[in-house]
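Below is one structure, written out as structure tokens, with a few remarks after it.
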Amino acid sequence: KVGLFSFGKELAGIVDCDEGEEGELLLDKALFGSLSSVEGNGAIDWDFDPSASLLCDALSKKWDRVDYLKPLPPVVEGMLRDYQKEGISWLNFLYEQGFHGLLADDMGLGKTLQVLSFLHQVSDKQWHLVVLPSSLLFQWEKEANKYFPDINIWKYYGIDRVLPEDGEGGIVLTTYQLLQRDYEKLASKTFHCICLDEAQKIKNPRSKTFLAAK
């Protein structure tokens with residue numbers, strides 16, 4: 001929420017926003033970074049709560065991967081390249097600010113390891129869901145067991161598939177086909193983070209897979 005005494009044309013031309021009942025502007029927090037370009041011009045009276053001010057500062061400054069990089073297991077830390085550490089830090093930043101995000105490195109640059117590192121840092125007491133093509137199911141399981149043997153990996157796959165009980169924590173791996181087929185069952189369980197590998201599978205907003213993921 002941005003308090004506004006006079007409707008600033010500068011702001012209206014930069015971001016999409018609605019005017020509240022008391023003259024304040026209501027805008028999505030993803031747009032806070034745009035506010036830095038009109039800050040201090042005298043047209044707007046800023047009235048941020050402390051968390052909004054921190055978010056605006058974080059989105060407007062130049063990205064620095066060191067800010068959100070957390071300790072990793074030594075065996076993983078030693079093999080990660082700088083761009084992978086930056087990707088993990090970026091995911092941590094998005095998570096802390098409550099954003100969704102897209103990790104869009106080229107094929108073969110280690111996105112799986114980055115996501116596993118991120119999920120390892122987030123929480124080991126809650127379940128996360130990773131949806132992927134069936135051809136990648138065992139690759140994810142193999143890489144998780146190799147680099148993060150302490151993560152509980154649960155495959156929701158096959159004829160006798162069941163979801164894990166609450167109170168443990170780890171990563172549930174399933175496929176896009178099963179997401180579409182069993183979406184009501186999957187939606188009945190609370191997942192802390194949900195990751196989509198090969199997310200072009202949901203690019204059609206009218207497809208059943210997209211609607212199930214949503």
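Residue numbering restarts at 1 in every chain; chains get A, B, ... in the order shown in the structure tokens, and ligands count up from 1 in that same order.
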Practice task
Using only C-alpha atoms, determine which residues lie at most 9 Å from Ala213 in chain A, disregarding the query and same-chain residues fewer than 6 positions distant; provide the list as a ChimeraX atom specification.
Solution key: /A:176,179-180,183,196,202
Taking all heavy atoms for each residue, export the selection above as an mmCIF file, in the first residue's frame.
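Output contents, as saved in part-v1.cif:
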data_model
loop_
_atom_site.group_PDB
_atom_site.id
_atom_site.type_symbol
_atom_site.label_atom_id
_atom_site.label_comp_id
_atom_site.auth_asym_id
_atom_site.auth_seq_id
_atom_site.Cartn_x
_atom_site.Cartn_y
_atom_site.Cartn_z
ATOM 1 N N TYR A 176 3.928 -34.826 -14.463
ATOM 2 C CA TYR A 176 2.847 -33.983 -14.958
ATOM 3 C C TYR A 176 1.593 -34.798 -15.252
ATOM 4 O O TYR A 176 0.478 -34.322 -15.050
ATOM 5 C CB TYR A 176 3.301 -33.232 -16.214
ATOM 6 C CG TYR A 176 4.225 -32.078 -15.904
ATOM 7 C CD1 TYR A 176 5.598 -32.192 -16.063
ATOM 8 C CD2 TYR A 176 3.717 -30.866 -15.444
ATOM 9 C CE1 TYR A 176 6.447 -31.139 -15.769
ATOM 10 C CE2 TYR A 176 4.545 -29.799 -15.147
ATOM 11 C CZ TYR A 176 5.914 -29.945 -15.320
ATOM 12 O OH TYR A 176 6.738 -28.895 -15.015
ATOM 13 N N LEU A 179 -0.010 -35.317 -11.946
ATOM 14 C CA LEU A 179 -0.538 -34.046 -11.449
ATOM 15 C C LEU A 179 -1.921 -33.803 -12.029
ATOM 16 O O LEU A 179 -2.845 -33.387 -11.320
ATOM 17 C CB LEU A 179 0.403 -32.901 -11.842
ATOM 18 C CG LEU A 179 -0.091 -31.483 -11.526
ATOM 19 C CD1 LEU A 179 -0.159 -31.250 -10.030
ATOM 20 C CD2 LEU A 179 0.804 -30.446 -12.190
ATOM 21 N N GLN A 180 -2.067 -34.075 -13.325
ATOM 22 C CA GLN A 180 -3.357 -33.884 -13.973
ATOM 23 C C GLN A 180 -4.378 -34.925 -13.511
ATOM 24 O O GLN A 180 -5.526 -34.605 -13.233
ATOM 25 C CB GLN A 180 -3.185 -33.984 -15.490
ATOM 26 C CG GLN A 180 -4.464 -33.806 -16.285
ATOM 27 C CD GLN A 180 -4.220 -33.916 -17.773
ATOM 28 O OE1 GLN A 180 -3.155 -33.569 -18.276
ATOM 29 N NE2 GLN A 180 -5.210 -34.416 -18.489
ATOM 30 N N TYR A 183 -4.919 -34.555 -9.270
ATOM 31 C CA TYR A 183 -4.726 -33.218 -8.708
ATOM 32 C C TYR A 183 -5.536 -32.998 -7.435
ATOM 33 O O TYR A 183 -5.104 -32.278 -6.530
ATOM 34 C CB TYR A 183 -5.050 -32.139 -9.748
ATOM 35 C CG TYR A 183 -6.514 -31.926 -10.031
ATOM 36 C CD1 TYR A 183 -7.245 -30.963 -9.345
ATOM 37 C CD2 TYR A 183 -7.182 -32.686 -10.978
ATOM 38 C CE1 TYR A 183 -8.584 -30.763 -9.601
ATOM 39 C CE2 TYR A 183 -8.522 -32.494 -11.239
ATOM 40 C CZ TYR A 183 -9.219 -31.535 -10.554
ATOM 41 O OH TYR A 183 -10.542 -31.345 -10.810
ATOM 42 N N LEU A 196 8.292 -26.782 -10.478
ATOM 43 C CA LEU A 196 7.932 -27.410 -11.738
ATOM 44 C C LEU A 196 9.170 -27.469 -12.621
ATOM 45 O O LEU A 196 9.694 -26.431 -13.027
ATOM 46 C CB LEU A 196 6.823 -26.628 -12.438
ATOM 47 C CG LEU A 196 5.548 -26.347 -11.637
ATOM 48 C CD1 LEU A 196 4.567 -25.544 -12.474
ATOM 49 C CD2 LEU A 196 4.908 -27.637 -11.159
ATOM 50 N N ILE A 202 3.304 -26.312 -18.807
ATOM 51 C CA ILE A 202 2.076 -25.613 -18.404
ATOM 52 C C ILE A 202 1.934 -24.276 -19.144
ATOM 53 O O ILE A 202 1.248 -23.368 -18.660
ATOM 54 C CB ILE A 202 2.023 -25.379 -16.878
ATOM 55 C CG1 ILE A 202 3.169 -24.477 -16.423
ATOM 56 C CG2 ILE A 202 2.041 -26.702 -16.126
ATOM 57 C CD1 ILE A 202 2.978 -23.927 -15.026
#
Problem - DSSP alpha helix (DSSP H) residues within range 81-206 of chain A, listed as a PyMOL selection string - result: chain A and resi 82-97+111-122+137-147+176-181+183-187
Dump N, CA and C atoms for the selected residues as a CSV table (one decimal), in the first residue's frame?
chain,number,residue,atom,x,y,z
A,82,ASP,N,30.0,-20.3,-9.8
A,82,ASP,CA,29.5,-19.0,-9.3
A,82,ASP,C,28.0,-18.8,-9.7
A,83,TYR,N,27.7,-19.1,-11.0
A,83,TYR,CA,26.4,-18.8,-11.5
A,83,TYR,C,25.3,-19.7,-10.8
A,84,GLN,N,25.7,-20.9,-10.3
A,84,GLN,CA,24.8,-21.8,-9.6
A,84,GLN,C,24.6,-21.2,-8.2
A,85,LYS,N,25.6,-20.7,-7.6
A,85,LYS,CA,25.4,-20.0,-6.2
A,85,LYS,C,24.5,-18.8,-6.4
A,86,GLU,N,24.7,-18.1,-7.5
A,86,GLU,CA,23.8,-16.9,-7.7
A,86,GLU,C,22.4,-17.4,-7.8
A,87,GLY,N,22.2,-18.5,-8.6
A,87,GLY,CA,20.8,-19.0,-8.7
A,87,GLY,C,20.2,-19.4,-7.4
A,88,ILE,N,20.9,-20.1,-6.6
A,88,ILE,CA,20.4,-20.5,-5.3
A,88,ILE,C,20.1,-19.3,-4.4
A,89,SER,N,21.0,-18.3,-4.4
A,89,SER,CA,20.8,-17.1,-3.7
A,89,SER,C,19.5,-16.3,-4.2
A,90,TRP,N,19.3,-16.3,-5.5
A,90,TRP,CA,18.1,-15.7,-6.1
A,90,TRP,C,16.9,-16.4,-5.6
A,91,LEU,N,16.9,-17.8,-5.6
A,91,LEU,CA,15.7,-18.5,-5.1
A,91,LEU,C,15.5,-18.2,-3.6
A,92,ASN,N,16.5,-18.1,-2.8
A,92,ASN,CA,16.4,-17.8,-1.4
A,92,ASN,C,15.7,-16.4,-1.2
A,93,PHE,N,16.1,-15.4,-2.1
A,93,PHE,CA,15.6,-14.1,-2.0
A,93,PHE,C,14.1,-14.1,-2.4
A,94,LEU,N,13.7,-14.8,-3.4
A,94,LEU,CA,12.3,-14.9,-3.8
A,94,LEU,C,11.5,-15.6,-2.7
A,95,TYR,N,12.0,-16.6,-2.1
A,95,TYR,CA,11.3,-17.3,-1.0
A,95,TYR,C,11.1,-16.4,0.2
A,96,GLU,N,12.1,-15.7,0.6
A,96,GLU,CA,12.0,-14.8,1.7
A,96,GLU,C,11.0,-13.6,1.5
A,97,GLN,N,10.9,-13.2,0.3
A,97,GLN,CA,10.0,-12.1,-0.1
A,97,GLN,C,8.6,-12.6,-0.5
A,111,LYS,N,20.5,-26.9,-13.1
A,111,LYS,CA,19.4,-26.4,-12.4
A,111,LYS,C,18.9,-27.3,-11.3
A,112,THR,N,18.9,-28.6,-11.6
A,112,THR,CA,18.4,-29.6,-10.6
A,112,THR,C,19.2,-29.5,-9.3
A,113,LEU,N,20.5,-29.4,-9.3
A,113,LEU,CA,21.3,-29.2,-8.1
A,113,LEU,C,21.0,-27.9,-7.4
A,114,GLN,N,20.8,-26.9,-8.2
A,114,GLN,CA,20.4,-25.6,-7.6
A,114,GLN,C,19.1,-25.7,-6.8
A,115,VAL,N,18.1,-26.3,-7.4
A,115,VAL,CA,16.8,-26.4,-6.7
A,115,VAL,C,16.9,-27.3,-5.5
A,116,LEU,N,17.6,-28.4,-5.6
A,116,LEU,CA,17.8,-29.3,-4.5
A,116,LEU,C,18.5,-28.6,-3.3
A,117,SER,N,19.5,-27.8,-3.7
A,117,SER,CA,20.3,-27.0,-2.7
A,117,SER,C,19.3,-26.0,-2.0
A,118,PHE,N,18.5,-25.3,-2.8
A,118,PHE,CA,17.5,-24.4,-2.2
A,118,PHE,C,16.5,-25.1,-1.3
A,119,LEU,N,16.0,-26.2,-1.7
A,119,LEU,CA,15.0,-26.9,-0.9
A,119,LEU,C,15.7,-27.5,0.4
A,120,HIS,N,16.9,-27.8,0.3
A,120,HIS,CA,17.7,-28.3,1.5
A,120,HIS,C,17.8,-27.2,2.5
A,121,GLN,N,18.0,-26.0,2.0
A,121,GLN,CA,18.1,-24.8,2.9
A,121,GLN,C,16.8,-24.3,3.5
A,122,VAL,N,15.7,-24.5,2.8
A,122,VAL,CA,14.5,-24.0,3.2
A,122,VAL,C,13.9,-24.6,4.5
A,137,LEU,N,12.3,-38.5,-13.5
A,137,LEU,CA,12.0,-38.9,-12.2
A,137,LEU,C,13.2,-39.5,-11.5
A,138,PHE,N,13.8,-40.5,-12.1
A,138,PHE,CA,14.9,-41.2,-11.4
A,138,PHE,C,16.2,-40.4,-11.4
A,139,GLN,N,16.3,-39.5,-12.4
A,139,GLN,CA,17.5,-38.6,-12.4
A,139,GLN,C,17.5,-37.7,-11.1
A,140,TRP,N,16.3,-37.2,-10.8
A,140,TRP,CA,16.1,-36.3,-9.6
A,140,TRP,C,16.4,-37.1,-8.4
A,141,GLU,N,15.9,-38.3,-8.3
A,141,GLU,CA,16.1,-39.2,-7.1
A,141,GLU,C,17.6,-39.5,-7.0
A,142,LYS,N,18.2,-39.8,-8.1
A,142,LYS,CA,19.7,-40.2,-8.0
A,142,LYS,C,20.5,-39.0,-7.5
A,143,GLU,N,20.2,-37.8,-8.1
A,143,GLU,CA,21.0,-36.6,-7.7
A,143,GLU,C,20.7,-36.2,-6.3
A,144,ALA,N,19.5,-36.3,-5.8
A,144,ALA,CA,19.2,-36.0,-4.5
A,144,ALA,C,19.9,-36.9,-3.5
A,145,ASN,N,19.9,-38.2,-3.8
A,145,ASN,CA,20.5,-39.2,-2.9
A,145,ASN,C,22.1,-39.0,-2.9
A,146,LYS,N,22.6,-38.6,-4.0
A,146,LYS,CA,24.0,-38.4,-4.1
A,146,LYS,C,24.6,-37.2,-3.3
A,147,TYR,N,23.9,-36.1,-3.5
A,147,TYR,CA,24.4,-34.9,-2.9
A,147,TYR,C,23.7,-34.5,-1.6
A,176,TYR,N,3.9,-34.8,-14.5
A,176,TYR,CA,2.8,-34.0,-15.0
A,176,TYR,C,1.6,-34.8,-15.3
A,177,GLN,N,1.8,-36.0,-15.7
A,177,GLN,CA,0.6,-36.9,-16.0
A,177,GLN,C,-0.2,-37.1,-14.7
A,178,LEU,N,0.6,-37.4,-13.6
A,178,LEU,CA,-0.1,-37.7,-12.4
A,178,LEU,C,-0.7,-36.4,-11.7
A,179,LEU,N,0.0,-35.3,-11.9
A,179,LEU,CA,-0.5,-34.0,-11.4
A,179,LEU,C,-1.9,-33.8,-12.0
A,180,GLN,N,-2.1,-34.1,-13.3
A,180,GLN,CA,-3.4,-33.9,-14.0
A,180,GLN,C,-4.4,-34.9,-13.5
A,181,ARG,N,-3.9,-36.2,-13.4
A,181,ARG,CA,-4.8,-37.2,-13.0
A,181,ARG,C,-5.3,-37.2,-11.6
A,183,TYR,N,-4.9,-34.6,-9.3
A,183,TYR,CA,-4.7,-33.2,-8.7
A,183,TYR,C,-5.5,-33.0,-7.4
A,184,GLU,N,-6.7,-33.6,-7.3
A,184,GLU,CA,-7.5,-33.4,-6.1
A,184,GLU,C,-6.8,-34.1,-4.9
A,185,LYS,N,-6.2,-35.2,-5.1
A,185,LYS,CA,-5.5,-35.9,-4.0
A,185,LYS,C,-4.2,-35.1,-3.6
A,186,LEU,N,-3.5,-34.6,-4.6
A,186,LEU,CA,-2.3,-33.8,-4.4
A,186,LEU,C,-2.7,-32.5,-3.7
A,187,ALA,N,-3.8,-31.9,-4.1
A,187,ALA,CA,-4.2,-30.6,-3.6
A,187,ALA,C,-4.7,-30.7,-2.1
Practice task
Kindly give the distance, in Å, that separates CA of Pro74 in chain A and CA of Pro149 in chain A, rounded to a single decimal.
Solution key: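 So the two atoms, CA of Pro74 in chain A and CA of Pro149 in chain A, lie 13.3 Å apart.
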Practice task
May I have the residues within 8 Å of Thr174 in chain A as a list in words, using only C-alpha atoms and disregarding those fewer than 3 positions away in the same chain?
Solution key: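 Final neighbour list, sorted by chain and number: Leu129, Val130, Val131, Leu132, Ser134, Leu137, Lys155, Tyr156, Tyr157, Leu178 and Leu179 of chain A.
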Atoms to include: C-alpha atoms. Write the selected residues as a compact mmCIF listing (two decimals), in the first residue's frame.
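Printed below is selection-v3.txt as written:
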# COMPACT_ATOMS: atom_id res chain seq x y z
CA LEU A 129 6.57 -31.08 -4.23
CA VAL A 130 8.57 -31.34 -7.45
CA VAL A 131 6.60 -32.00 -10.65
CA LEU A 132 8.60 -33.20 -13.64
CA SER A 134 8.49 -39.00 -16.09
CA LEU A 137 12.01 -38.88 -12.17
CA LYS A 155 8.21 -40.93 -5.29
CA TYR A 156 4.50 -40.46 -5.91
CA TYR A 157 4.45 -42.76 -8.90
CA LEU A 178 -0.12 -37.71 -12.36
CA LEU A 179 -0.54 -34.05 -11.45
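For the pair CA of Lys125 in chain A and CA of Leu109 in chain A, the interatomic distance is 28.6 Å.
Across the structure, CA of Leu103 in chain A and CA of Ala199 in chain A are spaced 10.0 Å apart.
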Exercise for the section: Pick out each residue of range 93-192 of chain A that DSSP on the backbone tags as strand (DSSP E or B); I need them as a PyMOL selection string. Expected result: chain A and resi 127-132+153-155+170-175
Produce a file of the selected residues containing C-alpha atoms, as a PDB file, in the first residue's frame.
ATOM      1  CA  TRP A 127       7.143 -31.609   2.475  1.00  0.00           C
ATOM      2  CA  HIS A 128       7.944 -29.993  -0.858  1.00  0.00           C
ATOM      3  CA  LEU A 129       6.565 -31.080  -4.233  1.00  0.00           C
ATOM      4  CA  VAL A 130       8.570 -31.338  -7.449  1.00  0.00           C
ATOM      5  CA  VAL A 131       6.604 -32.003 -10.649  1.00  0.00           C
ATOM      6  CA  LEU A 132       8.605 -33.204 -13.644  1.00  0.00           C
ATOM      7  CA  ILE A 153      12.821 -38.520  -1.200  1.00  0.00           C
ATOM      8  CA  TRP A 154       9.312 -39.857  -1.791  1.00  0.00           C
ATOM      9  CA  LYS A 155       8.208 -40.927  -5.285  1.00  0.00           C
ATOM     10  CA  GLY A 170      11.286 -34.100   2.450  1.00  0.00           C
ATOM     11  CA  ILE A 171      10.630 -33.926  -1.285  1.00  0.00           C
ATOM     12  CA  VAL A 172       7.770 -35.610  -3.114  1.00  0.00           C
ATOM     13  CA  LEU A 173       8.569 -36.336  -6.770  1.00  0.00           C
ATOM     14  CA  THR A 174       5.724 -36.812  -9.212  1.00  0.00           C
ATOM     15  CA  THR A 175       4.967 -36.359 -12.912  1.00  0.00           C
TER      16      THR A 175
END
Exercise for the section: Return the single residue from A:Arg81, A:Cys193, A:Asp166, A:Pro133 that is closest to His100 in chain A, with distances computed using only C-alpha atoms. Expected result: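 Residue with the minimum atom-to-atom distance to His100 in chain A: A:Cys193.
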